[in-house]
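One structure is given here, and the rest of the page talks about it.
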Amino acid sequence: MWRQGLLITMMATALAYGAPAPLRAQEQVFRINNMVEPESLDPGVVTGVPEHRILSNLFEGLTTTDPKDLSPRPGMAASWTVSKDGLTCTFTLRDALWTDGRPVTAQDFVFAWERVLNPKSGAKYAQQLFALKNAEEYNKGRVTEFSQVGVKAPDPRTLQVTLKNPTAYFLDLTSFYTLYPVPKWALDAHGKDWVKPGKIVSNGPFRLSSWVPQKELVLEKNPRHWDAASVKLQKVIFLPTDDINTGYKQFVAGDSDWVPTVPPALLDAAKSRPEYYVSPYLGTYYFRFNVTKTPTNDVRVRKALSQTVDREALTKFVTKAGEVPHTAFVPAGVRGYEGPRGLGFDPAAAKRLLAEAGYPNGKGFPKVELLYNTNELHRVITQAIQQMWKEHLGVQVELVNVEWKVYLARQSGLDYQISRAGWIGDYVDPNTFLEMWKTGGGNNQTGWSSRRYDELIDQAARLVNAKDRMRTLAEAERILLEEMPVLPLYTYVNKGMLSRKVRGWHPNILDQHPLKHISLER
Amino acid sequence: MVGYVARRVAGFLPVLFVIISLSFFIMRLAPGGPFDLDRALPDQVRANLEARYRLNEPLGAQYLRYVADVLRGDLGPSFRYPDRTVNELLGLGFPVSLLLGACAMIVALCLGGAAGLLAGAHRNAPLDYVAMSFALFGVSVPNFVLGPMLMLLFALALGWLPVAGWGTWRHLILPAFTLGTFYAAYVARLTRAGMLEVIGQDFIRTARAKGLHESAVVLRHALPSAILPVVSYLGPASAAVLTGSVVVETVFSIPGVGRYFVASALNRDYTMVLGTVIAYSALLLVFNLLVDLLYAFLDPRVHVQ
C-alpha cells in the first residue's frame with residue numbers, strides 16, 4: 001500500500017520538476033563536476049588541479065593562457081618586455097579592478113609573492129617562484145631581506161622581475177595560481193577567512209557567489225573585470241562529487257555539463273556516446289627503479305625489464321582509453337622539443353642483457369617486489385606487466401599494494417625495488433619532466449645520480465637561445481633513458497564527457513579550459 | 001531520574017578521554033603524514049609547514065596541547081582544508097548527517113515495523129513469506145550496491161529523482177532508503193520474533209477473553225512488548241546508521257560528516273580524524289543513554305536509578 005503511495009508521490013514530483021533543463025541553457029549556467037572538494041581558495045595555499053579549475057577563473061595573473069595552445073596571453077599585464085639576457089621581465093599592468101573596486105597594483109603581486117616565499121607561511125608551492133633571483137634562498141632562510149628577492153614595484157603600474165636564470169617558461173608560470181596577486185587588506189581584515197563568500201576580494205573574470213563544502217561552489221560573472229564584455233557565462237557551478245561512478249551518472253542524467261574523467265569500468269559505454277572526448281595529456285605513466293638495491297642497481301636488469309614490456313598491448317588491451325605507448329620520459333607534444341626515443345619492445349635483446357647480468361633465463365633472479373598504491377587501474381596494469389616479465393624473461397615479480405600515504409612514504413624513503421608512478425607537467429616545457437631527476441631532487445626518489453645529467457640541466461637553464469636549450473635538454477634525457485632509473489610506459493590522456501551544447505572548449509595537453517572563452521549554445 | 005542521567009553523563013568523560021588518547025597515538029603510528037604529497041615538498045618547505053602546525057614538537061607535548069585545546073572546545077585547524085577549522089566542518093556536516101540518519105531510521109522503523117507486524121500477525125501465511133523475503137533481500141544487499149541500483153532505476157531510467165547532491169527533499173529520498181533498508185530488514189525480523197513470543201502469552205489471552213477487537217489486541221497490548229527488542233536494537237542501529245552513512249554520503253555526494261570520516265584518515269588529516277572520532281563517540285554515548293531511558297519508559301518492569 002505505502003509503495004503505491006510512494007509511486008504516486010514520485011510521479012507527481014517528476015511532473016512538477018520535469019522542465020528546468022532547457023531554461024538553464026538560456027541562462028548560460030555551466031555545471032562542472034570538479035570531482036573533489038577544493039582544499040582551499042587561497043592562491044598561495046593550493047596545489048591541485050581541481051583548485052586550478054576554480055581559481056584560474058576567480059583570479060587572474062599577469063598572463064592568462066590561450067584556450068587552444070596554452071601560450072601566454074595578456075592578463076593583468078597589458079604588455080611586457082624581456083631583456084636581451086633573458087634575466088629581467090618588466091610587466092606593465094592594465095587598469096584593472098578588484099571586486100571591491102580597488103585598483104590592482106604591482107604591489108599586490110609583490111605582497112602575494114612575498115607571502116608565498118616567506119618561510120613562516122609554509123606555502124607548499126613556494127618552488128613555483130624559485131625562478132626568481134634569491135627566492136629559494138629567502139624561502140630557506142639564507143636571505144632574510146625580501147628586498148633582495150628579484151621582484152620590485154617601482155610604481156603601481158610596473159612590476160619588475162629579476163630571474164636567477166633566463167627562464168623560458170616564466171610567462172607560463174605567471175598564469176599559474178601561486179603567482180596570482182592577493183589583496184592584502186582583505187587578509188588583514190579577515191585572516192584565513194578572507195576566501196569565504198562575502199569576504200573574498202578577487203580580480204578574475206568570475207567572482208565567488210556561494211560555497212558550501214562538499215555540496216557546491218558557485219561562481220558568477222564579475223562585472224568589474226576588465227574583459228567582462230567578452231565573458232558569456234553568467235554562472236558556473238562546481239560539484240565536488242568524489243565518487244567517479246556517481247559523477248558519470250550525474251552527467252548522463254543531465255545534472256552536469258562536463259565531467260573530466262570516466263570510470264574505467266564504464267569506458268566502453270562512455271565511448272559509444274557522442275559527448276565522450278579523449279586527447280593527449282602532459283603526463284607520463286612510468287615505473288621507478290630503486291638503483292640502490294639488487295637487482296635493479298644493475299642497468300642491464302633495468303633495460304631488460306623495460307624491453308620486455310609490450311606497451312602497445314598494454315594500452316590496447318589493459319588501459320583502453322587511447323593512451324599513447326611511450327618509451328621516453330618527456331611526453332610527445334611539447335612545443336619545439338625533439339627528444340630521444342628510448343628502448344622499444346625487444347625480448348631477444350632483453351634476454352641477452354639479463355644473461356649478461358648473471359640471470360640466464362631468469363635463473364637465480366632474486367625476489368623483486370613491484371609497489372603500487374591501491375587502485376583498480378594500477379592493479380590491472382601491474383598484473384599485465386608481471387605476466388609479460390614472467391613470459392619473456394622467466395622472472396617472478398611480486399605485486400605489493402599499499403594505501404596512498406604509505407606508498408608515498410615508502411617511495412620517498414627508497415623502501416621499494418620497483419614502484420609505479422605518474423608525473424603530470426606543471427607547464428609545457430621538458431624542464432618540468434627532467435629537472436626532477438637531478439641528484440638529490442625531492443621527486444627523484446630512485447637514488448639515481450649523474451653528474452653529467454645535473455650539469456646539462458643546469459646548463460640548459462642558463463641558455464637564452466631556445467633551440468640550444470631544447471637540444472641540451474634532449475641530451476640530458478638521452479642520459480636518463482640510457483641509464484634508466486625509470487621505465488616509461490605511456491602518455492596519459494584526458495578522457496571525459498562534455499555536453500554538446502558547450503562552445504569555446506578546446507582539447508589541450510594540460511586539460512585547462514579558461515571559462516571566459518566558454519559559452520553554451522541555446 | 002535526573003541523578004541517573006547526571007551519573008551517566010559524568011561517566012562519559014573518562015570514556016571520551018580514553019578514546020581521544022588512543023586515537024591520537026594510533027593515528028600517529030600510521031606511516032606517512034599530512035605533508036607526504038605526490039609531489040615531494042622541498043625539505044625546507046616541509047620543515048616550514050611542520051613548524052607552522054607544530055608537528056616538529058615532541059609527540060607528548062603535541063598530545064598535551066591537543067587535549068588542552070579539546071577541553072576548551074577547539075578541535076584545531078584542518079590540515080587538508082586550511083581555510084577551515086575542524087569545528088566549522090563538523091558544524092556544517094553534522095546537521096546533514098543527522099537529518100539523513102533520522103530519515104533512514106524512520107524508513108527502517110516504518111518499513112521494518114510494518115513488515116514485522118504483518119508477518120507476525122499472519123504467521124506462515126503468504127504475507128509472512130513476502131515480508132520475510134523482503135527482509136532477507138534487505139540484509140543481503142550492501143548499501144554500495146543498493147545505492148547505485150536505486151540511482152540507475154529512479155534517477156536515470158525513470159528520471160524521477162536527482163542522481164546525487166543535496167538541497168531539496170528530493171535529494172533525501174534515495175539515500176534515506178539506501179541507508180534505511182538494511183535496518184528495516186533487521187527491525188522486521190525483530191518485530192516478527194517479538195510478536196510471535198508475545199502473542200502466546202497469558203495477558204494477550206486475557207485481552208482476547210475480554211472481547212477486545214483483534215486490532216486492539218495487537219496494537220495496544222501486543223505491540224509495546226513486542227517491540228522491546230527493537231528498542232534495544234535502536235542504540236546500535238543509530239550508531240550503525242551514522243557510520244554507515246560514510247558510504248551512502250560518498251555514493252550520493254552528500255555534504256555530511258561521513259565524507260570526512262574515511263577521507264581524513266587516508267589523508268592523515270590528524271585533527272579532522274580526531275574531531276570526527278570524538279564527535280561520533282559522543283553521539284553514540286548519548287544514543288545509548290536515550291535508549292536506556294526509552295526502555296524504562298516502555299517496560300514497566302525496568303526502573304532507572
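Residues are referred to by chain and number: the chain letter is A, B, ... according to the order shown in the C-alpha cells, the number counts from 1 in that chain, and ligands are numbered separately from 1 in the order shown.
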
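Within the 9 Å cut-off around Arg410 (chain A), using only C-alpha atoms and omitting residues fewer than 5 positions from it on the same chain, the listed residues are A:Lys405, A:Asp415, A:Tyr416, B:Pro31, B:Gly32.
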
Can you pull out the residues contacting Trp226 (chain A)? Cut-off 10 Å, using only C-alpha atoms, and skip same-chain residues under 3 positions away; I want them as a PyMOL selection string. chain A and resi 75-76+94-98+203-205+222-223+229-230

Kindly save the residues from that selection, with C-alpha atoms included, as an mmCIF file, in the first residue's frame.
data_model
loop_
_atom_site.group_PDB
_atom_site.id
_atom_site.type_symbol
_atom_site.label_atom_id
_atom_site.label_comp_id
_atom_site.auth_asym_id
_atom_site.auth_seq_id
_atom_site.Cartn_x
_atom_site.Cartn_y
_atom_site.Cartn_z
ATOM 1 C CA GLY A 75 46.105 39.217 -18.343
ATOM 2 C CA MET A 76 46.627 41.722 -15.554
ATOM 3 C CA ARG A 94 46.477 47.404 -17.214
ATOM 4 C CA ASP A 95 43.753 49.412 -15.484
ATOM 5 C CA ALA A 96 42.033 46.588 -13.667
ATOM 6 C CA LEU A 97 39.917 46.474 -10.536
ATOM 7 C CA TRP A 98 39.443 44.084 -7.647
ATOM 8 C CA ASN A 203 40.234 40.008 -9.716
ATOM 9 C CA GLY A 204 39.261 37.321 -12.237
ATOM 10 C CA PRO A 205 36.510 37.132 -14.846
ATOM 11 C CA ASN A 222 32.367 39.566 -12.382
ATOM 12 C CA PRO A 223 31.021 42.785 -13.936
ATOM 13 C CA ALA A 229 32.317 42.218 -22.205
ATOM 14 C CA SER A 230 33.702 39.003 -23.653
#

Here is a test: counting only C-alpha atoms, which residue of A:Ile457, A:Leu487, A:Leu520, A:Ala269 is nearest to Arg500 (chain A)? A:Leu520

Restrict the distance test to only C-alpha atoms, flag each residue of chain A within 6 Å of chain B, and return the flagged residues as a ChimeraX atom specification. /A:14,39-40,119,122,140,192,214-215,241,243,250,253,405-406,409,442-443

Output N, CA and C atoms of each residue in that selection to a file, as a PDB file, in the first residue's frame.
ATOM      1  N   ALA A  14       7.987  14.092 -10.285  1.00  0.00           N
ATOM      2  CA  ALA A  14       8.654  14.056 -11.575  1.00  0.00           C
ATOM      3  C   ALA A  14       7.985  15.036 -12.526  1.00  0.00           C
ATOM      4  N   GLU A  39      40.586  22.149  -1.713  1.00  0.00           N
ATOM      5  CA  GLU A  39      41.192  22.206  -0.386  1.00  0.00           C
ATOM      6  C   GLU A  39      41.154  23.617   0.169  1.00  0.00           C
ATOM      7  N   SER A  40      41.259  24.589  -0.731  1.00  0.00           N
ATOM      8  CA  SER A  40      41.275  25.979  -0.303  1.00  0.00           C
ATOM      9  C   SER A  40      40.970  26.845  -1.516  1.00  0.00           C
ATOM     10  N   PRO A 119      59.134  31.945   4.788  1.00  0.00           N
ATOM     11  CA  PRO A 119      59.181  30.614   5.414  1.00  0.00           C
ATOM     12  C   PRO A 119      58.062  30.409   6.435  1.00  0.00           C
ATOM     13  N   GLY A 122      54.725  28.756   5.265  1.00  0.00           N
ATOM     14  CA  GLY A 122      54.713  27.331   4.945  1.00  0.00           C
ATOM     15  C   GLY A 122      53.941  27.020   3.682  1.00  0.00           C
ATOM     16  N   LYS A 140      64.489  29.528   2.167  1.00  0.00           N
ATOM     17  CA  LYS A 140      65.259  28.643   3.036  1.00  0.00           C
ATOM     18  C   LYS A 140      65.882  29.389   4.212  1.00  0.00           C
ATOM     19  N   LYS A 192      42.457  34.078   7.813  1.00  0.00           N
ATOM     20  CA  LYS A 192      42.299  32.980   6.854  1.00  0.00           C
ATOM     21  C   LYS A 192      40.867  32.873   6.323  1.00  0.00           C
ATOM     22  N   GLN A 214      31.608  20.387   0.235  1.00  0.00           N
ATOM     23  CA  GLN A 214      31.116  19.078  -0.184  1.00  0.00           C
ATOM     24  C   GLN A 214      29.752  19.147  -0.865  1.00  0.00           C
ATOM     25  N   LYS A 215      29.187  20.345  -1.036  1.00  0.00           N
ATOM     26  CA  LYS A 215      27.897  20.442  -1.715  1.00  0.00           C
ATOM     27  C   LYS A 215      28.061  21.104  -3.065  1.00  0.00           C
ATOM     28  N   THR A 241      31.619  16.008  -6.533  1.00  0.00           N
ATOM     29  CA  THR A 241      31.262  14.589  -6.452  1.00  0.00           C
ATOM     30  C   THR A 241      32.524  13.734  -6.511  1.00  0.00           C
ATOM     31  N   ASP A 243      32.792  10.383  -5.920  1.00  0.00           N
ATOM     32  CA  ASP A 243      32.596   9.029  -6.443  1.00  0.00           C
ATOM     33  C   ASP A 243      32.487   9.138  -7.972  1.00  0.00           C
ATOM     34  N   GLN A 250      25.683  11.490 -12.973  1.00  0.00           N
ATOM     35  CA  GLN A 250      25.142  12.857 -12.945  1.00  0.00           C
ATOM     36  C   GLN A 250      25.212  13.487 -14.327  1.00  0.00           C
ATOM     37  N   ALA A 253      22.554  11.934 -16.533  1.00  0.00           N
ATOM     38  CA  ALA A 253      21.218  12.414 -16.166  1.00  0.00           C
ATOM     39  C   ALA A 253      21.027  13.879 -16.536  1.00  0.00           C
ATOM     40  N   LYS A 405      49.205   7.021   1.307  1.00  0.00           N
ATOM     41  CA  LYS A 405      50.226   7.699   2.104  1.00  0.00           C
ATOM     42  C   LYS A 405      51.392   6.759   2.427  1.00  0.00           C
ATOM     43  N   VAL A 406      51.087   5.473   2.575  1.00  0.00           N
ATOM     44  CA  VAL A 406      52.147   4.504   2.841  1.00  0.00           C
ATOM     45  C   VAL A 406      53.031   4.387   1.599  1.00  0.00           C
ATOM     46  N   ALA A 409      55.261   7.405   1.362  1.00  0.00           N
ATOM     47  CA  ALA A 409      56.330   7.364   2.360  1.00  0.00           C
ATOM     48  C   ALA A 409      57.382   6.323   1.966  1.00  0.00           C
ATOM     49  N   GLY A 442      63.880  16.256  -4.750  1.00  0.00           N
ATOM     50  CA  GLY A 442      62.847  15.702  -3.881  1.00  0.00           C
ATOM     51  C   GLY A 442      61.978  14.676  -4.578  1.00  0.00           C
ATOM     52  N   ASN A 443      61.807  14.795  -5.900  1.00  0.00           N
ATOM     53  CA  ASN A 443      60.951  13.863  -6.611  1.00  0.00           C
ATOM     54  C   ASN A 443      61.741  12.798  -7.371  1.00  0.00           C
TER      55      ASN A 443
END

Go through A:Pro263, A:Pro183, A:Gly247, A:Pro325 and flag the residue nearest Asp100 (chain A), using only C-alpha atoms for the distances. A:Pro183

Within 8 Å of region 276-285 of chain B, counting only C-alpha atoms, which residues show up once you throw out same-chain ones fewer than 6 positions away? Write them as a list in words, please.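 After dropping sequence-adjacent residues, the list is Phe12, Leu16, Ile19, Ile20, Ser23, Leu90, Gly235, Ser238, Ala239, Val257, Tyr260 and Phe261 of chain B.
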
Restricted to N, CA and C atoms, what would the selected residues look like written as a PDB file, in the first residue's frame?
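What ended up in result16.pdb:
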ATOM      1  N   PHE B  12      30.671   9.564  30.925  1.00  0.00           N
ATOM      2  CA  PHE B  12      31.126   9.731  29.536  1.00  0.00           C
ATOM      3  C   PHE B  12      32.561  10.258  29.464  1.00  0.00           C
ATOM      4  N   LEU B  16      35.487   9.191  26.899  1.00  0.00           N
ATOM      5  CA  LEU B  16      35.931  10.068  25.815  1.00  0.00           C
ATOM      6  C   LEU B  16      37.433  10.315  25.888  1.00  0.00           C
ATOM      7  N   ILE B  19      39.225   7.426  24.490  1.00  0.00           N
ATOM      8  CA  ILE B  19      39.068   7.400  23.028  1.00  0.00           C
ATOM      9  C   ILE B  19      40.008   8.411  22.370  1.00  0.00           C
ATOM     10  N   ILE B  20      40.022   9.635  22.922  1.00  0.00           N
ATOM     11  CA  ILE B  20      40.874  10.685  22.346  1.00  0.00           C
ATOM     12  C   ILE B  20      42.337  10.249  22.389  1.00  0.00           C
ATOM     13  N   SER B  23      43.070   7.286  19.951  1.00  0.00           N
ATOM     14  CA  SER B  23      43.031   7.707  18.546  1.00  0.00           C
ATOM     15  C   SER B  23      44.233   8.568  18.210  1.00  0.00           C
ATOM     16  N   LEU B  90      32.733  20.198  10.989  1.00  0.00           N
ATOM     17  CA  LEU B  90      31.788  19.310  11.683  1.00  0.00           C
ATOM     18  C   LEU B  90      30.451  20.015  11.875  1.00  0.00           C
ATOM     19  N   GLY B 235      19.813   1.597  19.735  1.00  0.00           N
ATOM     20  CA  GLY B 235      21.106   2.196  20.067  1.00  0.00           C
ATOM     21  C   GLY B 235      22.165   1.816  19.064  1.00  0.00           C
ATOM     22  N   SER B 238      21.333   3.126  15.527  1.00  0.00           N
ATOM     23  CA  SER B 238      21.621   4.541  15.283  1.00  0.00           C
ATOM     24  C   SER B 238      23.105   4.725  15.045  1.00  0.00           C
ATOM     25  N   ALA B 239      23.896   4.016  15.844  1.00  0.00           N
ATOM     26  CA  ALA B 239      25.340   4.094  15.670  1.00  0.00           C
ATOM     27  C   ALA B 239      25.722   3.629  14.276  1.00  0.00           C
ATOM     28  N   VAL B 257      29.157  14.495   7.586  1.00  0.00           N
ATOM     29  CA  VAL B 257      30.418  14.214   8.269  1.00  0.00           C
ATOM     30  C   VAL B 257      31.047  12.920   7.764  1.00  0.00           C
ATOM     31  N   TYR B 260      34.023  12.981   5.585  1.00  0.00           N
ATOM     32  CA  TYR B 260      35.332  13.281   6.155  1.00  0.00           C
ATOM     33  C   TYR B 260      35.923  12.097   6.904  1.00  0.00           C
ATOM     34  N   PHE B 261      35.034  11.165   7.336  1.00  0.00           N
ATOM     35  CA  PHE B 261      35.451  10.143   8.294  1.00  0.00           C
ATOM     36  C   PHE B 261      36.580   9.286   7.726  1.00  0.00           C
TER      37      PHE B 261
END

Could you pull out all residues of region 64-208 of chain B with a DSSP call of helix (DSSP H, G or I) and give them as a PyMOL selection string? chain B and resi 64-71+86-121+126-140+143-157+170-199+202-208

Between B:Met195, B:Gly11, B:Leu228, B:Leu174, which has the minimum distance to Ala296 (chain B) (counting only C-alpha atoms)?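 Using only C-alpha atoms, Ala296 (chain B) sits closest to B:Leu228.
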
Residue with smallest distance to Pro360 (chain A) - pool A:Arg379, A:Arg471, A:His392, A:Lys516, counting only C-alpha atoms: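 Comparing A:Arg379, A:Arg471, A:His392, A:Lys516 against Pro360 (chain A), the winner is A:His392.
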
Shell around Asp468 (chain A) at 12 Å using only C-alpha atoms, local window under 3 positions removed, as a VMD selection string: chain A and resid 168 336 to 338 456 459 to 465 471 to 475

Closest to Ile385 (chain A) among A:Ala313, A:Leu239, A:Ala355, A:Leu343, using only C-alpha atoms?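 With only C-alpha atoms as the atom set, the closest residue is A:Ala313.
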